[in-house]
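**Q** Handing you this structure, nothing more for now.
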Amino acid sequence: MSFFISDALAAAPADAQDPIMSFVPLILIFVVFYFLLIRPQTKRAKEHKKLVSELAKGDEIVTNGGLLGRITQVGDNFVQVKVSDNVEVKIQKQAIANLMPKGTSKEL
C-alpha cells in the first residue's frame with residue numbers, strides 16, 4: 001500500500017457472450033457493402049457488357065474520352081468509328097461509354 005500508487009484490483013469476470021453475437025456487426029457491415037457497392041457495380045458491368053455485345057454498324061456512340069461518332073465497322077475487339085468527313089478512328093469496344101439515339105450527330 002503505497003501512498004502514490006493505487007492497489008491493483010482484479011477485473012470483474014466478463015459476461016460470456018454468444019460467439020455469434022460478436023459477429024453480427026461484421027455481418028451487417030458486409031450486407032450494407034453488398035447492397036450499396038457490390039450489387040450496383042455488378043449490375044452496371046452487366047449492362048455495359050450487353051451494350052458492347054450488341055454494337056452494330058450505324059450505331060452512334062460516345063467513348064469514355066468524349067468522342068462522338070458513328071460505327072462503320074465492327075470487329076471482335078475493336079470498332080471503327082467515323083468522327084468526321086474522311087476521319088475514321090479505330091477504338092476498343094470496352095472504351096465505348098454510351099449508345100446515343102439515332103440522329104444525334106447530324107454532320108455524319
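Letters for chains follow the order of the C-alpha cells (A, B, ...), residue numbers begin at 1 for each chain, and ligand numbers begin at 1 in the order shown.
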Skipping near chain neighbours, those fewer than 2 positions away, what residues fall within 8 Å of range 81-89 of chain A using only C-alpha atoms, listed as a ChimeraX atom specification?
**A** /A:67-73,79,91,107-108
**Q** Can you list, as a PyMOL selection string, all residues belonging to chain A that DSSP tags as helix (DSSP H, G or I)?
**A** chain A and resi 19-53+93-95
**Q** Report, in Å with one decimal, the straight-line distance from CA of Gln80 in chain A to CA of Lys57 in chain A.
**A** 9.2 Å
**Q** With only C-alpha atoms as the counted atoms, please give the residues lying no more than 7 Å from Lys93 in chain A, apart from itself and same-chain residues fewer than 3 positions off, as a PyMOL selection string.
**A** chain A and resi 52+77-79+96
**Q** Between CA of Leu55 in chain A and CA of Thr42 in chain A, what distance in Å does the model show, to one decimal?
**A** 20.4 Å
**Q** Between A:Glu47, A:Leu36, A:Val31, A:Met100, which residue has the minimum interatomic distance to Thr63 in chain A, considering only C-alpha atoms?
**A**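 The answer is A:Met100, which sits nearest to Thr63 in chain A.
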**Q** Could you tell me which of A:Ser53, A:Asn64, A:Ser22, A:Gln41 comes closest to Ala97 in chain A if we count only C-alpha atoms?
**A**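 Closest candidate: A:Asn64.
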**Q** In Å, rounded to a single decimal, give me how far CA of Pro40 in chain A is from CA of Glu54 in chain A.
**A**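 Atom-to-atom, CA of Glu54 in chain A to CA of Pro40 in chain A, that is 21.3 Å.
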**Q** So which residues of range 5-89 of chain A fall under strand (DSSP E) by DSSP, listed as number ranges by chain?
**A** A: 60-63, 68-74, 78-84, 87-89
**Q** For Leu99 in chain A, list every protein, DNA or RNA residue within 8 Å, evaluated using only C-alpha atoms, and leave out those in the same chain fewer than 3 positions away; present the list as a PyMOL selection string.
**A** chain A and resi 51+59-62+96
**Q** For the residues in the current selection, export C-alpha atoms as a PDB file, in the first residue's frame.
**A**
```
ATOM      1  CA  LEU A  51     -24.139  -2.808 -74.670  1.00  0.00           C
ATOM      2  CA  ASP A  59     -24.897   2.983 -84.170  1.00  0.00           C
ATOM      3  CA  GLU A  60     -23.917   6.370 -82.792  1.00  0.00           C
ATOM      4  CA  ILE A  61     -21.680   6.127 -79.737  1.00  0.00           C
ATOM      5  CA  VAL A  62     -19.737   8.180 -77.225  1.00  0.00           C
ATOM      6  CA  ILE A  96     -17.421   2.842 -75.501  1.00  0.00           C
TER       7      ILE A  96
END
```
